[in-house]
Amino acid sequence: MAKQSEQLFHRAQEIIPGGVNSPVRAFRAVGGTPPFIEQAQGSRMFDADNLQYIDCVCSWGAMILGHGHRFVVEAVKKAATRGFSFGTPTVGEVELAEMIVAAMPSIEMLRLVNSGTEAAMSALRLARAVTGRKKILKFDGGYHGHVDSLLVKAGSGAATFNVPDSAGVPAEVTQLTISVDYNHLDAVNQAMDKHGKDVAAIIVEPVAGNMGCVPPVEGFLQGLRQICNEHGALLIFDEVMTGFRVSYNGAQSLYGVKPDLTLLGKVIGGGMPIGAYGGARILMENVAPVGPVYQAGTLSGNPLAVAAGKSTLSVLKNSSIYSDLEEHSAEFEEGVRRSAQKHGVPVTFNRVGSMWTIFFTEGPVTDFATANRSNREKFARFFHVMLSEGVYLPPSQMESAFFSAAHAKKDILQLIQRADRGIKRVAWDFEK
Ligand code: HOZ
């Protein structure tokens, strides 16, 4: 790794835990030094040593239009000249809320917050309040931010660093959380038969994105809906990754299942800090000041984040971006599959639209256990070949990769060639 990033990483580690503000960025799952990014444009990022990368992380999915989209930049500039934060209602936040309500089949009302974590935490409080129940059912490898009660068998960085049950979370808190296998309705039924009358909500990523990308098997989400109805529990879809990503109307419309509450983040802020939770009016009217569920935030509905979000959604709405993303992503998937076959490397490519993961295992990968069968040494080798080829992948097997509208056909062709060299190297190092 080049000089400037190494020096910066050394300096950072002196004053920031691990040198990073979010654990996965530290590269501990793959080894080496993370590049310190100075700027980005379109599909490319540039680091402190002037190295260029095709970005396949896209700020963990947020940058669906690519970096520096001119409409978004203009909107943020304009908002910045008017003021950074007022701590008052603004017209922009009403307009963004209206756009989200119009797009998401299950949302009649919503509250803007500052992150996906905040959205999850607030939605659980609301679910507990309206049902009068305490327990929450989640899925192994599911990740909903660093909410205390949800750090149970959690995915993302928690899985990567082997702290799926974090220190500092009292056992009394996690005793209220039940975690079962993703994509296994029998496990959900069993747990609900036992605890159903105490379960306030089932929370699920409709496409799991924090154990790598793991799509729901047919009937899974529909089954969850039915189980929740039978037991009087709420169904919460964590669409922080999938909302406005797998389709403009979210995973809930892609799979035709209506949750009671939806969590959003990432794309709705166009790369700026934001989150949201929403659902039917009858539920959301329990939130203060209308109802008794307290939740607040100084920077909630921040004008700059709202401006970035609104302009991102309006570009997405009036375009063929989702079909282009599907075409490009499918072409890349096909290229990787061909390479894996050619070089005799067992690979499972999971993908929903522009959200994807390459697992180094025969597969299928349908849950946390099968995701964990992926050979992480092979992943790390592949990751580093790709990095040296100028491709920035998620630095962990337990994260999804993303494409943006700025990934043009020529980027995809380059990525296919570079992935071929990466897989060839894996074959050479591990299969001989
Ligand atoms: N937990 C985030 C995605 N699953 C990673 C955030 C980050 O490290 O920036």
# chains A, B, ... in the order shown; residues from 1 in each chain; ligands from 1
>>> residues_near_ligand(ligand="ligand 1", cutoff="12 Å", atoms="only C-alpha atoms and all ligand atoms", output="number ranges by chain")
A: 19-28, 34, 57-62, 115-117, 141-147, 154-160, 205, 208-213, 240-242, 265-266, 271, 273, 394-402
>>> residues_around(residues="Lys153 (chain A)", least_positions_apart="3", cutoff="7 Å", atoms="only C-alpha atoms", output="ChimeraX atom specification")
/A:140-141,164-165,179
>>> write_last_selection(atoms="N, CA, C and O atoms", output="PDB file, in the first residue's frame")
ATOM      1  N   ASP A 140     -30.262 -14.515  12.470  1.00  0.00           N
ATOM      2  CA  ASP A 140     -28.811 -14.680  12.588  1.00  0.00           C
ATOM      3  C   ASP A 140     -28.146 -14.022  11.376  1.00  0.00           C
ATOM      4  O   ASP A 140     -28.531 -14.302  10.224  1.00  0.00           O
ATOM      5  N   GLY A 141     -27.156 -13.187  11.637  1.00  0.00           N
ATOM      6  CA  GLY A 141     -26.468 -12.508  10.526  1.00  0.00           C
ATOM      7  C   GLY A 141     -27.193 -11.264  10.064  1.00  0.00           C
ATOM      8  O   GLY A 141     -26.705 -10.533   9.208  1.00  0.00           O
ATOM      9  N   PRO A 164     -20.476 -10.848  17.472  1.00  0.00           N
ATOM     10  CA  PRO A 164     -21.891 -10.765  17.105  1.00  0.00           C
ATOM     11  C   PRO A 164     -22.773 -10.463  18.306  1.00  0.00           C
ATOM     12  O   PRO A 164     -23.909 -10.048  18.166  1.00  0.00           O
ATOM     13  N   ASP A 165     -22.223 -10.679  19.509  1.00  0.00           N
ATOM     14  CA  ASP A 165     -22.918 -10.283  20.732  1.00  0.00           C
ATOM     15  C   ASP A 165     -21.952  -9.352  21.458  1.00  0.00           C
ATOM     16  O   ASP A 165     -21.013  -9.804  22.100  1.00  0.00           O
ATOM     17  N   SER A 179     -33.112 -14.803  18.166  1.00  0.00           N
ATOM     18  CA  SER A 179     -32.530 -14.786  16.827  1.00  0.00           C
ATOM     19  C   SER A 179     -32.612 -16.182  16.220  1.00  0.00           C
ATOM     20  O   SER A 179     -32.246 -17.170  16.870  1.00  0.00           O
TER      21      SER A 179
END
>>> residues_around(residues="Gly297 (chain A)", least_positions_apart="6", cutoff="9 Å", atoms="only C-alpha atoms", output="JSON, numbers by chain")
{"A": [87, 113, 114]}
>>> write_last_selection(atoms="C-alpha atoms", output="short mmCIF file (atom, residue, chain, number, x, y, z; two decimals), in the first residue's frame")
data_model
loop_
_atom_site.label_atom_id
_atom_site.label_comp_id
_atom_site.auth_asym_id
_atom_site.auth_seq_id
_atom_site.Cartn_x
_atom_site.Cartn_y
_atom_site.Cartn_z
CA GLY A 87 -33.70 22.99 14.47
CA VAL A 113 -33.76 10.65 11.90
CA ASN A 114 -29.99 10.72 11.38
#
>>> residues_around(residues="Glu6 (chain A)", least_positions_apart="5", cutoff="9 Å", atoms="only C-alpha atoms", output="ChimeraX atom specification")
/A:1,11,33-36
>>> write_last_selection(atoms="N, CA, C and O atoms", output="short mmCIF file (atom, residue, chain, number, x, y, z; two decimals), in the first residue's frame")
data_model
loop_
_atom_site.label_atom_id
_atom_site.label_comp_id
_atom_site.auth_asym_id
_atom_site.auth_seq_id
_atom_site.Cartn_x
_atom_site.Cartn_y
_atom_site.Cartn_z
N MET A 1 0.85 -1.19 0.00
CA MET A 1 0.00 0.00 0.00
C MET A 1 0.89 1.25 0.00
O MET A 1 1.97 1.26 0.57
N ARG A 11 -1.16 7.45 11.84
CA ARG A 11 -1.56 8.63 12.62
C ARG A 11 -2.98 8.44 13.19
O ARG A 11 -3.22 8.74 14.36
N THR A 33 -3.62 -2.06 4.64
CA THR A 33 -3.91 -0.67 4.99
C THR A 33 -5.03 -0.14 4.11
O THR A 33 -4.96 -0.24 2.89
N PRO A 34 -6.06 0.45 4.74
CA PRO A 34 -7.12 1.02 3.89
C PRO A 34 -6.64 2.27 3.16
O PRO A 34 -5.92 3.08 3.76
N PRO A 35 -7.02 2.44 1.90
CA PRO A 35 -6.69 3.69 1.23
C PRO A 35 -7.49 4.82 1.86
O PRO A 35 -8.67 4.65 2.16
N PHE A 36 -6.86 5.96 2.09
CA PHE A 36 -7.57 7.14 2.59
C PHE A 36 -8.07 7.91 1.37
O PHE A 36 -7.27 8.42 0.58
#
>>> closest_residue(among="A:Pro259, A:Gly363, A:Pro289, A:Gly243", to="Gly275 (chain A)", atoms="only C-alpha atoms")
A:Gly243
>>> select_by_dssp(residues="region 117-364 of chain A", states="alpha helix (DSSP H)", output="PyMOL selection string")
chain A and resi 117-131+156-160+171-174+185-195+220-231+250-254+281-284+303-317+321-343
>>> closest_residue(among="A:Ala296, A:Thr262, A:Ala276, A:Val246", to="Leu316 (chain A)", atoms="only C-alpha atoms")
A:Val246
>>> residues_around(residues="His343 (chain A)", least_positions_apart="3", cutoff="12 Å", atoms="only C-alpha atoms", output="VMD selection string")
chain A and resid 336 to 340 346 to 347 419 to 432
>>> write_last_selection(atoms="N, CA and C atoms", output="tab-separated table (two decimals), in the first residue's frame")
chain	number	residue	atom	x	y	z
A	336	VAL	N	-18.27	-13.02	-13.98
A	336	VAL	CA	-17.63	-13.66	-12.81
A	336	VAL	C	-17.91	-15.17	-12.84
A	337	ARG	N	-19.13	-15.54	-13.15
A	337	ARG	CA	-19.47	-16.96	-13.22
A	337	ARG	C	-18.61	-17.68	-14.27
A	338	ARG	N	-18.44	-17.01	-15.43
A	338	ARG	CA	-17.60	-17.61	-16.50
A	338	ARG	C	-16.18	-17.82	-16.01
A	339	SER	N	-15.62	-16.79	-15.35
A	339	SER	CA	-14.24	-16.89	-14.86
A	339	SER	C	-14.10	-18.00	-13.84
A	340	ALA	N	-15.06	-18.06	-12.93
A	340	ALA	CA	-14.99	-19.08	-11.87
A	340	ALA	C	-14.98	-20.47	-12.48
A	346	PRO	N	-14.63	-22.65	-6.95
A	346	PRO	CA	-16.03	-22.66	-6.50
A	346	PRO	C	-16.45	-21.27	-6.01
A	347	VAL	N	-17.45	-20.73	-6.68
A	347	VAL	CA	-17.93	-19.38	-6.36
A	347	VAL	C	-19.46	-19.37	-6.38
A	419	ALA	N	-11.69	-8.97	-12.44
A	419	ALA	CA	-12.18	-10.07	-11.61
A	419	ALA	C	-11.63	-11.40	-12.14
A	420	ASP	N	-11.50	-11.49	-13.45
A	420	ASP	CA	-10.94	-12.72	-14.04
A	420	ASP	C	-9.51	-12.94	-13.54
A	421	ARG	N	-8.74	-11.86	-13.50
A	421	ARG	CA	-7.36	-11.99	-13.01
A	421	ARG	C	-7.36	-12.33	-11.51
A	422	GLY	N	-8.31	-11.75	-10.78
A	422	GLY	CA	-8.41	-12.04	-9.34
A	422	GLY	C	-8.74	-13.51	-9.09
A	423	ILE	N	-9.69	-14.02	-9.85
A	423	ILE	CA	-10.11	-15.42	-9.65
A	423	ILE	C	-9.00	-16.38	-10.10
A	424	LYS	N	-8.32	-16.00	-11.17
A	424	LYS	CA	-7.20	-16.82	-11.66
A	424	LYS	C	-6.12	-16.92	-10.56
A	425	ARG	N	-5.91	-15.80	-9.89
A	425	ARG	CA	-4.90	-15.78	-8.83
A	425	ARG	C	-5.34	-16.66	-7.65
A	426	VAL	N	-6.62	-16.60	-7.34
A	426	VAL	CA	-7.15	-17.47	-6.27
A	426	VAL	C	-6.93	-18.93	-6.66
A	427	ALA	N	-7.24	-19.23	-7.91
A	427	ALA	CA	-7.05	-20.62	-8.39
A	427	ALA	C	-5.60	-21.03	-8.24
A	428	TRP	N	-4.73	-20.15	-8.65
A	428	TRP	CA	-3.29	-20.41	-8.63
A	428	TRP	C	-2.80	-20.63	-7.19
A	429	ASP	N	-3.25	-19.79	-6.28
A	429	ASP	CA	-2.75	-19.85	-4.89
A	429	ASP	C	-3.36	-20.97	-4.06
A	430	PHE	N	-4.63	-21.29	-4.37
A	430	PHE	CA	-5.34	-22.20	-3.46
A	430	PHE	C	-5.67	-23.56	-4.07
A	431	GLU	N	-5.80	-23.61	-5.37
A	431	GLU	CA	-6.35	-24.83	-5.95
A	431	GLU	C	-5.29	-25.76	-6.52
A	432	LYS	N	-4.03	-25.27	-6.58
A	432	LYS	CA	-3.03	-26.12	-7.25
A	432	LYS	C	-2.66	-27.33	-6.39
>>> residues_around(residues="Ser374 (chain A)", least_positions_apart="2", cutoff="12 Å", atoms="only C-alpha atoms", output="JSON, numbers by chain")
{"A": [211, 212, 345, 346, 347, 348, 349, 357, 358, 359, 360, 361, 362, 363, 364, 365, 366, 367, 368, 369, 370, 371, 372, 376, 377, 378, 379, 380, 396, 397, 398]}
>>> atom_distance(atom1="CA of Asn302 (chain A)", atom2="CA of Ala405 (chain A)")
25.3 Å
>>> select_by_dssp(residues="region 12-88 of chain A", states="strand (DSSP E)", output="list of chain:residue names")
A:Ile37, A:Glu38, A:Gln39, A:Ala40, A:Gln41, A:Arg44, A:Met45, A:Phe46, A:Asp47, A:Gln52, A:Tyr53, A:Ile54, A:Asp55
>>> write_last_selection(atoms="N, CA and C atoms", output="short mmCIF file (atom, residue, chain, number, x, y, z; two decimals), in the first residue's frame")
data_model
loop_
_atom_site.label_atom_id
_atom_site.label_comp_id
_atom_site.auth_asym_id
_atom_site.auth_seq_id
_atom_site.Cartn_x
_atom_site.Cartn_y
_atom_site.Cartn_z
N ILE A 37 -9.37 7.96 1.24
CA ILE A 37 -9.96 8.54 0.02
C ILE A 37 -10.02 10.06 0.16
N GLU A 38 -9.57 10.74 -0.89
CA GLU A 38 -9.59 12.21 -0.87
C GLU A 38 -10.74 12.78 -1.67
N GLN A 39 -11.04 12.12 -2.77
CA GLN A 39 -12.18 12.59 -3.55
C GLN A 39 -12.70 11.49 -4.45
N ALA A 40 -13.89 11.74 -4.99
CA ALA A 40 -14.51 10.74 -5.84
C ALA A 40 -15.37 11.45 -6.88
N GLN A 41 -15.46 10.81 -8.03
CA GLN A 41 -16.31 11.36 -9.09
C GLN A 41 -16.88 10.19 -9.90
N ARG A 44 -15.60 6.46 -9.77
CA ARG A 44 -14.19 6.37 -9.33
C ARG A 44 -13.94 7.09 -8.02
N MET A 45 -13.00 6.52 -7.23
CA MET A 45 -12.52 7.20 -6.02
C MET A 45 -11.01 7.37 -6.17
N PHE A 46 -10.47 8.42 -5.56
CA PHE A 46 -9.05 8.74 -5.65
C PHE A 46 -8.49 8.87 -4.24
N ASP A 47 -7.37 8.20 -3.97
CA ASP A 47 -6.87 8.22 -2.59
C ASP A 47 -5.74 9.23 -2.41
N GLN A 52 -6.30 5.40 -8.19
CA GLN A 52 -7.69 5.47 -8.62
C GLN A 52 -8.37 4.10 -8.44
N TYR A 53 -9.61 4.10 -7.99
CA TYR A 53 -10.34 2.84 -7.80
C TYR A 53 -11.72 2.93 -8.46
N ILE A 54 -12.15 1.83 -9.08
CA ILE A 54 -13.57 1.72 -9.42
C ILE A 54 -14.26 1.34 -8.12
N ASP A 55 -15.22 2.15 -7.71
CA ASP A 55 -15.83 1.99 -6.39
C ASP A 55 -17.00 1.02 -6.43
#
